[in-house]
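Engineer: Input structure: target.txt, which contains compact mmCIF, C-alpha atoms.
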```txt
# COMPACT_ATOMS: atom_id res chain seq x y z
CA MET O 1 -42.75 2.20 57.11
CA LEU O 2 -44.38 -1.03 58.09
CA ASN O 3 -42.53 -4.07 56.88
CA ARG O 4 -44.69 -5.85 54.28
CA LYS O 5 -43.90 -9.28 55.71
CA LEU O 6 -44.83 -8.12 59.18
CA LEU O 7 -48.12 -6.75 57.89
CA GLU O 8 -48.90 -10.00 56.07
CA ARG O 9 -48.14 -11.99 59.17
CA ALA O 10 -50.32 -9.76 61.35
CA ILE O 11 -53.21 -10.08 58.88
CA LEU O 12 -52.80 -13.85 58.74
CA GLY O 13 -52.79 -14.06 62.54
CA THR O 14 -55.86 -11.84 62.80
CA VAL O 15 -57.73 -13.86 60.17
CA ALA O 16 -56.81 -17.08 61.99
CA SER O 17 -58.05 -15.62 65.28
CA ILE O 18 -61.31 -14.49 63.74
CA PHE O 19 -61.75 -17.85 62.05
CA MET O 20 -61.12 -19.70 65.30
CA GLY O 21 -63.44 -17.37 67.15
CA THR O 22 -66.35 -17.72 64.75
CA MET O 23 -65.91 -21.23 63.42
CA SER O 24 -68.89 -23.53 63.56
CA TRP O 25 -69.18 -25.30 66.86
CA ALA O 26 -70.17 -28.64 65.42
CA GLU O 27 -67.47 -30.37 67.42
CA GLN O 28 -67.61 -30.07 71.17
CA ALA O 29 -64.72 -28.58 73.05
CA LYS O 30 -62.29 -30.84 74.89
CA THR O 31 -60.23 -30.18 77.94
CA ASN O 32 -56.86 -31.38 79.09
CA THR O 33 -55.88 -30.35 82.59
CA GLU O 34 -52.65 -30.77 84.54
CA CYS O 35 -52.16 -29.62 88.10
CA VAL O 36 -49.19 -29.27 90.41
CA ALA O 37 -49.55 -29.23 94.19
CA GLU O 38 -48.72 -25.94 95.86
CA GLU O 39 -47.18 -25.60 99.28
CA ASP O 40 -50.56 -25.13 100.97
CA SER O 41 -52.44 -28.32 101.74
CA PHE O 42 -54.58 -29.49 98.85
CA MET O 43 -54.01 -26.29 96.86
CA TYR O 44 -53.22 -26.93 93.20
CA ALA O 45 -51.97 -24.75 90.37
CA CYS O 46 -53.43 -26.00 87.12
CA ILE O 47 -53.04 -25.40 83.44
CA LEU O 48 -55.81 -26.14 80.98
CA MET O 49 -55.70 -26.79 77.27
CA LEU O 50 -59.10 -26.06 75.75
CA MET O 51 -59.43 -27.38 72.21
CA GLN O 52 -62.19 -27.50 69.67
CA SER O 53 -61.95 -28.90 66.15
CA SER O 54 -58.20 -29.33 66.72
CA ALA O 55 -57.76 -25.63 67.41
CA PRO O 56 -57.19 -23.88 70.73
CA VAL O 57 -60.24 -21.99 71.99
CA LYS O 58 -59.18 -18.40 72.45
CA GLY O 59 -60.78 -15.75 74.61
CA ALA O 60 -62.87 -18.22 76.59
CA GLU O 61 -64.59 -17.23 79.81
CA VAL O 62 -64.59 -20.25 82.05
CA THR O 63 -65.07 -21.19 85.70
CA VAL O 64 -64.20 -24.54 87.22
CA GLY O 65 -65.61 -26.33 90.24
CA ALA O 66 -64.84 -29.78 91.62
CA THR O 67 -66.68 -32.65 93.24
CA MET O 68 -65.58 -36.05 94.46
CA PRO O 69 -67.51 -38.64 92.45
CA SER O 70 -67.40 -41.04 95.37
CA MET O 71 -68.77 -38.45 97.82
CA ALA O 72 -70.40 -35.76 95.69
CA MET O 73 -72.60 -34.40 98.46
CA ALA O 74 -69.80 -34.25 101.01
CA HIS O 75 -67.04 -32.68 98.93
CA ASN O 76 -68.07 -29.92 96.58
CA VAL O 77 -65.60 -27.12 95.80
CA LYS O 78 -67.01 -23.77 94.71
CA PRO O 79 -66.12 -22.64 91.19
CA VAL O 80 -63.07 -20.47 90.60
CA SER O 81 -62.18 -18.37 87.58
CA VAL O 82 -59.99 -19.73 84.82
CA THR O 83 -57.80 -17.13 83.12
CA GLU O 84 -55.82 -17.14 79.90
CA HIS O 85 -52.19 -17.90 80.58
CA ALA O 86 -50.08 -14.75 80.34
CA VAL O 87 -47.05 -16.45 78.79
CA MET O 88 -48.38 -19.40 76.82
CA PRO O 89 -50.94 -18.53 74.15
CA GLY O 90 -53.73 -21.09 74.06
CA TYR O 91 -53.24 -22.14 77.66
CA TYR O 92 -55.47 -21.26 80.58
CA SER O 93 -54.57 -21.41 84.24
CA PHE O 94 -56.30 -21.51 87.61
CA GLN O 95 -55.71 -22.34 91.26
CA ILE O 96 -58.09 -24.57 93.11
CA GLN O 97 -58.30 -25.49 96.77
CA LEU O 98 -59.43 -29.10 97.16
CA GLU O 99 -60.28 -30.79 100.42
CA MET O 100 -58.39 -34.05 100.24
CA TYR O 101 -56.37 -36.28 97.94
CA GLY O 102 -58.21 -38.66 95.63
CA GLU O 103 -60.37 -38.64 92.55
CA TRP O 104 -61.99 -35.31 91.74
CA ARG O 105 -64.28 -34.43 88.89
CA LEU O 106 -63.54 -30.96 87.48
CA SER O 107 -66.57 -29.24 85.95
CA TYR O 108 -65.85 -26.43 83.54
CA ASP O 109 -68.58 -23.91 82.79
CA MET O 110 -67.78 -21.99 79.64
CA VAL O 111 -69.90 -18.90 78.94
CA LYS O 112 -67.83 -17.47 76.09
CA PRO O 113 -67.33 -17.90 73.14
CA ILE O 114 -70.17 -20.40 73.54
CA ARG O 115 -72.00 -21.83 76.50
CA ASP O 116 -70.87 -25.32 77.34
CA ARG O 117 -70.15 -27.55 80.30
CA LEU O 118 -67.19 -29.92 80.24
CA HIS O 119 -66.04 -32.47 82.75
CA GLU O 120 -62.69 -34.08 83.41
CA THR O 121 -61.87 -36.53 86.18
CA LEU O 122 -58.36 -36.61 87.62
CA VAL O 123 -56.66 -38.20 90.58
CA PHE O 124 -55.04 -35.62 92.86
CA THR O 125 -52.01 -36.64 94.86
CA LYS O 126 -49.43 -35.00 97.10
CA VAL O 127 -47.48 -34.03 93.97
CA GLY O 128 -50.21 -33.07 91.52
CA SER O 129 -52.83 -34.51 89.24
CA LYS O 130 -52.67 -37.68 87.23
CA GLN O 131 -55.06 -39.36 84.94
CA ARG O 132 -57.22 -42.24 85.95
CA LYS O 133 -55.92 -44.49 83.19
CA MET O 134 -52.29 -44.70 82.19
CA SER O 135 -53.29 -45.84 78.71
CA GLY O 136 -54.70 -42.47 77.81
CA HIS O 137 -56.53 -39.43 78.93
CA THR O 138 -60.15 -40.08 79.82
CA MET O 139 -62.34 -37.13 79.04
CA GLU O 140 -66.02 -36.82 79.72
CA HIS O 141 -68.54 -34.39 78.37
CA ASN O 142 -71.90 -33.31 79.66
CA ASN O 143 -73.59 -35.55 77.13
CA GLY O 144 -71.84 -38.50 78.67
CA ALA O 145 -69.45 -39.03 75.78
CA SER O 146 -65.86 -39.76 76.62
CA GLY O 147 -62.73 -40.19 74.62
CA LYS O 148 -59.03 -39.73 74.43
CA THR O 149 -57.92 -36.17 73.98
CA GLU O 150 -55.85 -35.87 70.83
CA ILE O 151 -54.86 -33.01 68.63
CA GLN O 152 -55.86 -34.06 65.16
CA MET B 1 -35.40 -5.56 64.20
CA LEU B 2 -37.12 -6.04 67.56
CA GLU B 3 -36.28 -2.99 69.60
CA ILE B 4 -36.83 -2.33 73.30
CA LYS B 5 -36.65 1.25 74.52
CA ASP B 6 -36.68 2.40 78.13
CA LEU B 7 -38.66 -0.66 79.22
CA SER B 8 -39.37 -0.83 82.95
CA VAL B 9 -41.25 -3.36 85.06
CA ASN B 10 -42.44 -2.71 88.60
CA TYR B 11 -43.85 -5.22 91.07
CA ALA B 12 -45.37 -3.02 93.79
CA ASP B 13 -42.34 -1.17 95.20
CA LEU B 14 -39.79 -3.36 93.47
CA ARG B 15 -38.37 -2.22 90.16
CA ALA B 16 -37.62 -5.52 88.42
CA VAL B 17 -36.44 -3.96 85.16
CA ASP B 18 -35.14 -0.42 84.96
CA SER B 19 -35.24 1.40 81.63
CA ALA B 20 -33.89 -1.45 79.53
CA ASN B 21 -32.72 -0.69 76.03
CA LEU B 22 -31.72 -3.38 73.58
CA GLN B 23 -32.11 -4.50 70.01
CA ILE B 24 -32.57 -7.99 68.64
CA GLU B 25 -31.57 -8.19 65.03
CA LYS B 26 -32.57 -10.90 62.63
CA GLY B 27 -29.83 -13.42 62.11
CA LYS B 28 -28.12 -12.48 65.36
CA ILE B 29 -27.97 -13.85 68.87
CA LEU B 30 -28.03 -11.63 71.92
CA ALA B 31 -27.37 -13.22 75.31
CA LEU B 32 -28.80 -11.60 78.42
CA GLU B 33 -26.92 -12.81 81.46
CA GLY B 34 -27.55 -12.32 85.13
CA HIS B 35 -28.20 -14.07 88.41
CA HIS B 36 -31.58 -15.33 89.59
CA GLY B 37 -33.80 -12.36 90.31
CA ALA B 38 -31.75 -10.01 88.16
CA GLY B 39 -34.74 -9.23 85.93
CA LYS B 40 -34.16 -11.47 82.92
CA THR B 41 -37.53 -13.24 82.95
CA SER B 42 -39.40 -10.05 83.78
CA LEU B 43 -37.82 -8.36 80.79
CA LEU B 44 -38.87 -11.18 78.44
CA LYS B 45 -42.38 -11.23 79.87
CA ALA B 46 -42.64 -7.47 79.44
CA VAL B 47 -41.64 -7.77 75.79
CA ILE B 48 -44.59 -10.07 75.07
CA GLY B 49 -46.94 -8.16 77.36
CA ALA B 50 -47.29 -10.90 79.97
CA VAL B 51 -46.54 -8.40 82.73
CA GLY B 52 -47.32 -4.70 82.92
CA SER B 53 -44.54 -2.37 81.83
CA VAL B 54 -43.75 1.12 80.68
CA GLY B 55 -41.55 1.88 77.73
CA GLU B 56 -41.62 0.87 74.12
CA VAL B 57 -41.34 -2.33 72.13
CA SER B 58 -41.27 -2.13 68.35
CA ILE B 59 -40.68 -4.33 65.33
CA ASP B 60 -39.15 -2.72 62.27
CA GLY B 61 -40.13 0.68 63.62
CA LEU B 62 -43.74 -0.26 64.36
CA THR B 63 -44.50 0.41 68.04
CA LEU B 64 -46.51 -2.38 69.60
CA THR B 65 -49.04 -1.22 72.16
CA ASN B 66 -51.46 -3.46 74.10
CA ARG B 67 -49.15 -6.42 73.66
CA ASN B 68 -50.04 -9.90 74.80
CA ALA B 69 -48.55 -13.32 74.18
CA ALA B 70 -51.05 -14.18 71.45
CA SER B 71 -50.64 -10.91 69.54
CA MET B 72 -46.85 -11.16 69.72
CA LEU B 73 -47.02 -14.73 68.50
CA ALA B 74 -49.04 -13.53 65.52
CA LEU B 75 -46.24 -11.07 64.80
CA GLY B 76 -43.63 -13.82 64.91
CA VAL B 77 -42.27 -13.26 68.42
CA VAL B 78 -42.16 -16.51 70.37
CA LEU B 79 -41.17 -16.91 74.01
CA VAL B 80 -39.94 -20.34 75.08
CA PRO B 81 -40.45 -20.00 78.82
CA GLU B 82 -38.39 -21.28 81.67
CA GLY B 83 -40.08 -24.40 83.00
CA ARG B 84 -41.07 -25.56 79.51
CA HIS B 85 -44.85 -25.65 80.10
CA LEU B 86 -45.31 -28.92 78.25
CA PHE B 87 -48.45 -30.99 78.67
CA SER B 88 -46.87 -34.04 80.21
CA SER B 89 -49.77 -36.40 79.49
CA LEU B 90 -49.90 -35.51 75.80
CA THR B 91 -47.53 -37.09 73.34
CA SER B 92 -44.56 -35.16 72.04
CA ARG B 93 -46.32 -35.06 68.69
CA ASP B 94 -49.45 -33.46 70.19
CA ASN B 95 -47.36 -30.92 72.08
CA LEU B 96 -45.72 -29.98 68.78
CA LYS B 97 -49.05 -29.80 66.98
CA PHE B 98 -50.35 -27.45 69.61
CA GLY B 99 -47.45 -25.11 68.90
CA ALA B 100 -48.66 -24.75 65.32
CA ALA B 101 -52.39 -24.84 66.07
CA VAL B 102 -52.17 -21.96 68.51
CA CYS B 103 -51.22 -19.57 65.71
CA GLY B 104 -53.54 -21.12 63.16
CA ILE B 105 -50.95 -22.66 60.88
CA GLY B 106 -50.44 -26.23 59.73
CA ALA B 107 -47.97 -28.40 61.56
CA ASN B 108 -44.63 -28.61 59.76
CA PHE B 109 -42.80 -31.39 61.55
CA ASP B 110 -40.03 -31.78 59.00
CA ARG B 111 -38.22 -28.59 59.92
CA VAL B 112 -38.17 -29.10 63.68
CA LEU B 113 -37.38 -32.80 63.45
CA ALA B 114 -34.46 -32.03 61.16
CA LEU B 115 -33.23 -29.70 63.87
CA PHE B 116 -33.96 -32.13 66.70
CA PRO B 117 -33.84 -35.67 65.26
CA GLU B 118 -33.64 -36.97 68.84
CA LEU B 119 -37.36 -36.29 69.09
CA ILE B 120 -38.34 -38.61 66.25
CA PRO B 121 -38.41 -41.81 68.34
CA MET B 122 -40.18 -39.91 71.12
CA LEU B 123 -43.06 -38.54 69.05
CA HIS B 124 -45.61 -41.06 70.27
CA LYS B 125 -44.45 -41.04 73.86
CA PRO B 126 -46.00 -38.76 76.47
CA ALA B 127 -43.91 -35.76 77.38
CA PHE B 128 -43.44 -37.04 80.93
CA ALA B 129 -41.36 -39.88 79.50
CA LEU B 130 -38.73 -37.51 78.12
CA SER B 131 -35.40 -36.77 79.76
CA GLY B 132 -34.66 -33.19 80.81
CA GLY B 133 -32.68 -32.56 77.64
CA GLN B 134 -35.36 -34.06 75.41
CA ALA B 135 -38.07 -32.07 77.19
CA GLN B 136 -36.12 -28.86 76.59
CA MET B 137 -35.72 -29.79 72.93
CA LEU B 138 -39.47 -30.43 72.73
CA ALA B 139 -40.31 -27.08 74.32
CA PHE B 140 -37.91 -25.39 71.93
CA ALA B 141 -39.34 -27.30 68.97
CA ARG B 142 -42.91 -26.43 69.98
CA GLY B 143 -41.93 -22.75 69.84
CA LEU B 144 -40.47 -23.26 66.37
CA MET B 145 -43.75 -24.77 65.14
CA ALA B 146 -45.10 -21.21 65.21
CA ALA B 147 -42.51 -20.24 62.56
CA PRO B 148 -40.99 -17.41 64.61
CA GLU B 149 -38.96 -14.51 63.31
CA TYR B 150 -37.76 -13.68 66.81
CA LEU B 151 -37.13 -16.23 69.54
CA LEU B 152 -36.94 -15.34 73.21
CA LEU B 153 -35.35 -18.25 75.08
CA ASP B 154 -35.64 -18.05 78.84
CA GLU B 155 -32.94 -20.10 80.57
CA PRO B 156 -32.97 -22.87 77.96
CA LEU B 157 -29.78 -24.42 79.31
CA MET B 158 -30.72 -24.47 82.98
CA GLY B 159 -30.24 -27.87 84.55
CA LEU B 160 -29.11 -29.54 81.34
CA ALA B 161 -26.19 -31.91 81.03
CA ALA B 162 -23.29 -30.63 78.95
CA ASN B 163 -24.17 -32.71 75.88
CA SER B 164 -27.80 -31.55 75.92
CA ALA B 165 -26.71 -27.93 76.32
CA LYS B 166 -24.40 -28.39 73.37
CA ARG B 167 -27.28 -29.71 71.26
CA ILE B 168 -29.47 -26.75 72.17
CA TRP B 169 -26.64 -24.38 71.24
CA SER B 170 -26.16 -26.16 67.98
CA ALA B 171 -29.85 -25.64 67.15
CA ILE B 172 -29.65 -21.97 68.15
CA LEU B 173 -26.74 -21.45 65.76
CA GLU B 174 -28.65 -23.11 62.92
CA LEU B 175 -31.63 -20.85 63.57
CA ARG B 176 -29.36 -17.83 63.54
CA ALA B 177 -28.08 -18.93 60.15
CA GLU B 178 -31.70 -19.11 58.97
CA GLY B 179 -32.12 -15.44 59.89
CA ILE B 180 -34.05 -15.72 63.12
CA GLY B 181 -33.29 -13.10 65.76
CA ILE B 182 -32.60 -14.72 69.12
CA LEU B 183 -32.49 -13.42 72.68
CA ILE B 184 -31.26 -16.03 75.15
CA THR B 185 -31.09 -15.61 78.92
CA GLY B 186 -29.08 -17.48 81.48
CA GLN B 187 -26.26 -17.40 83.94
CA HIS B 188 -22.88 -17.63 82.27
CA THR B 189 -24.64 -18.59 79.05
CA THR B 190 -21.80 -17.57 76.83
CA SER B 191 -18.83 -18.14 79.08
CA LYS B 192 -19.31 -21.91 78.95
CA GLN B 193 -19.55 -21.92 75.18
CA ASN B 194 -16.89 -21.26 72.65
CA ILE B 195 -19.25 -19.22 70.54
CA ALA B 196 -18.94 -15.65 69.32
CA ILE B 197 -22.11 -13.76 70.16
CA ASP B 198 -23.06 -10.43 71.67
CA TYR B 199 -24.03 -10.41 75.29
CA ILE B 200 -25.20 -8.01 77.92
CA MET B 201 -25.42 -8.24 81.69
CA ILE B 202 -28.40 -7.41 83.87
CA GLU B 203 -28.15 -6.82 87.59
CA ASN B 204 -30.94 -5.64 89.88
CA GLY B 205 -33.01 -4.86 86.82
CA ILE B 206 -30.36 -2.65 85.27
CA ILE B 207 -28.50 -3.51 82.10
CA ASN B 208 -25.10 -2.39 83.13
CA ARG B 209 -22.54 -3.82 80.79
CA ARG B 210 -22.39 -4.64 77.15
CA LYS B 211 -19.77 -6.83 75.61
CA GLU B 212 -19.48 -7.98 72.09
CA ASN B 213 -18.21 -11.11 70.51
CA ALA B 214 -17.45 -13.02 73.68
CA LYS B 215 -14.66 -15.51 73.14
```
Could you quickly redo this structure as structure tokens?
Structural biologist:
Amino acid sequence: MLNRKLLERAILGTVASIFMGTMSWAEQAKTNTECVAEEDSFMYACILMLMQSSAPVKGAEVTVGATMPSMAMAHNVKPVSVTEHAVMPGYYSFQIQLEMYGEWRLSYDMVKPIRDRLHETLVFTKVGSKQRKMSGHTMEHNNGASGKTEIQ
Amino acid sequence: MLEIKDLSVNYADLRAVDSANLQIEKGKILALEGHHGAGKTSLLKAVIGAVGSVGEVSIDGLTLTNRNAASMLALGVVLVPEGRHLFSSLTSRDNLKFGAAVCGIGANFDRVLALFPELIPMLHKPAFALSGGQAQMLAFARGLMAAPEYLLLDEPLMGLAANSAKRIWSAILELRAEGIGILITGQHTTSKQNIAIDYIMIENGIINRRKENAK
């Protein structure tokens, strides 16, 4: 017979998932991306934290492309799929092949659970990605807003 | 009880885990020991559905099909992975908050900070500023923010200095006393500790020895 506590916990988790999946989208989603260089030149393995209203966005369908702000016409990487991380709930992961070290603007196109476009600019080095400002994480959105990513 | 029956994992032609059977009871620690590549991580991933597997995983007799990390988290099964998976640019506090937010519960810092008071002065520092031992404590603490009933700890002592490893063990023993069921993997996890726990060995994907109450 199903343990009552287990059942309660499952119901609570399901309700939380439904709530997070259908909550009002008044607040725009935010991204936080960290990448580590792979052995291949300019190939990076990245993890993404996608948050909205202080809650992880679950079940998102997202692709990510990259451009170099300083040379947008010359360096434009085709979008790749972002997948939910198999081990870490709430995380997403992707691999992206860039063309050189330097500042790249990642553009996320989310089609599910809502349509949205998010941007994040990172500096890619031989080791991995780092943020442009050491004082905090600079995050841009398609409406031009920017701010420090924090979990409220 | 979290029970694993005849669980196997295949990667193409390689059988990483071969018909594993084990039980994790609440309030008990089970150590799974073996060398790199023995199948420890694959077994843990299979339990939470992060890799494909055949066999059965159940909690209190309820068989869990179509498992994934999120659904297992909702059922109180938390994997603290090897490699920690912390967001290095976020503060320790935000990494902890994420651990609670991901399962839709409020952040209860008191409990984890009582267990790991070393993290208190580090809360507003980014995770990249932490030492290896502190980072492991943070990864462990983030898992606890989800209020688990079963903890799967993948190589939590790897690369840690002796004093940090001792602190992690101390926390594991406290969690056992609280009634959490714990599966911990590693190489010589128990032999370096003067702690009485059950342990099993895995070699080439096969659980081939079971010993009880080491030391």
Engineer: Between atom CA of Glu149 of chain B and atom CA of Leu183 of chain B, what is the spacing in Å?
Structural biologist: 11.4 Å
Engineer: In the coordinates of the file, take the point (-43.4, -7.5, 82.6) and a cut-off of 8 Å; then, counting all atoms listed in the file, name each qualifying protein, DNA or RNA residue as a list of chain:residue names.
Structural biologist: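 Checking each residue against the 8 Å limit leaves B:Ser8, B:Val9, B:Asn10, B:Ser42, B:Leu43, B:Leu44, B:Lys45, B:Ala46, B:Val47, B:Gly49, B:Ala50, B:Val51, B:Gly52, B:Ser53.
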Engineer: To one decimal in Å, tell me the separation between atom CA of Glu82 of chain B and atom CA of Met110 of chain O.
Structural biologist: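 Here the two named atoms are 29.5 Å from each other.
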Engineer: Can you list, as a ChimeraX atom specification, every protein, DNA or RNA residue that comes within 9 Å of Gly83 of chain B when you count all atoms listed in the file, leaving out same-chain residues fewer than 3 positions away?
Structural biologist: /B:80,86,136,154-156
Engineer: Could you please tell me, as a VMD selection string, which residues of chain B have an atom within 7 Å of chain O when using all atoms listed in the file?
Structural biologist: chain B and resid 50 60 62 69 to 70 74 to 75 94 97 101 to 104
Engineer: What does the distance between atom CA of Met145 of chain B and atom CA of Met1 of chain B come to in Å, to one decimal place?
Structural biologist: 21.0 Å
Engineer: Find the residues near Tyr150 of chain B: any atom within 8 Å, counting only C-alpha atoms, skip ones fewer than 5 places away on the same chain, and give them as a CSV table (one decimal) with C-alpha atoms, in the coordinates of the input.
Structural biologist:
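This went into result06.csv:
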```csv
chain,number,residue,atom,x,y,z
B,2,LEU,CA,-37.1,-6.0,67.6
B,24,ILE,CA,-32.6,-8.0,68.6
B,26,LYS,CA,-32.6,-10.9,62.6
B,76,GLY,CA,-43.6,-13.8,64.9
B,77,VAL,CA,-42.3,-13.3,68.4
B,78,VAL,CA,-42.2,-16.5,70.4
B,180,ILE,CA,-34.0,-15.7,63.1
B,181,GLY,CA,-33.3,-13.1,65.8
B,182,ILE,CA,-32.6,-14.7,69.1
B,183,LEU,CA,-32.5,-13.4,72.7
```
Engineer: Excluding Ser41 of chain O and any residue of its chain fewer than 3 positions from it, enumerate the residues within 10 Å of it, using all atoms listed in the file, and give them as a PyMOL selection string.
Structural biologist: chain O and resi 37-38+44+97-101+126
Engineer: In terms of the shortest atom-to-atom distance over all atoms listed in the file, which of O:Val82, O:Leu50, O:Val127, O:Met73 is closest to Ala29 of chain O?
Structural biologist: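 Of O:Val82, O:Leu50, O:Val127, O:Met73, the one nearest Ala29 of chain O, counting all atoms listed in the file, is O:Leu50.
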Engineer: Find, counting only C-alpha atoms, the residue in B:Gly143, B:Pro126, B:Gly159, B:Pro148 that gets nearest to Pro81 of chain B.
Structural biologist: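 Among B:Gly143, B:Pro126, B:Gly159, B:Pro148, it is B:Gly143 that comes nearest to Pro81 of chain B.
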Engineer: For Lys125 of chain B, which of B:Leu152, B:Tyr11, B:Ser89, B:Ala147 is the closest residue, counting only C-alpha atoms?
Structural biologist: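 Looking only at the distances to Lys125 of chain B, the closest residue turns out to be B:Ser89.
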Engineer: Closest to Ala38 of chain B among B:Ala146, B:Leu14, B:Ala196, B:Leu90, using all atoms listed in the file?
Structural biologist: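 Answer, going by the shortest atom-to-atom distance: B:Leu14.
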Engineer: Box along x, y and z, 8 Å on every side, all listed atoms of segment 60-67 of chain B inside: centre and edge lengths in Å to one decimal, as JSON.
Structural biologist:
```
{"center_x": -45.3, "center_y": -2.9, "center_z": 68.2, "size_x": 28.3, "size_y": 23.1, "size_z": 27.8}
```
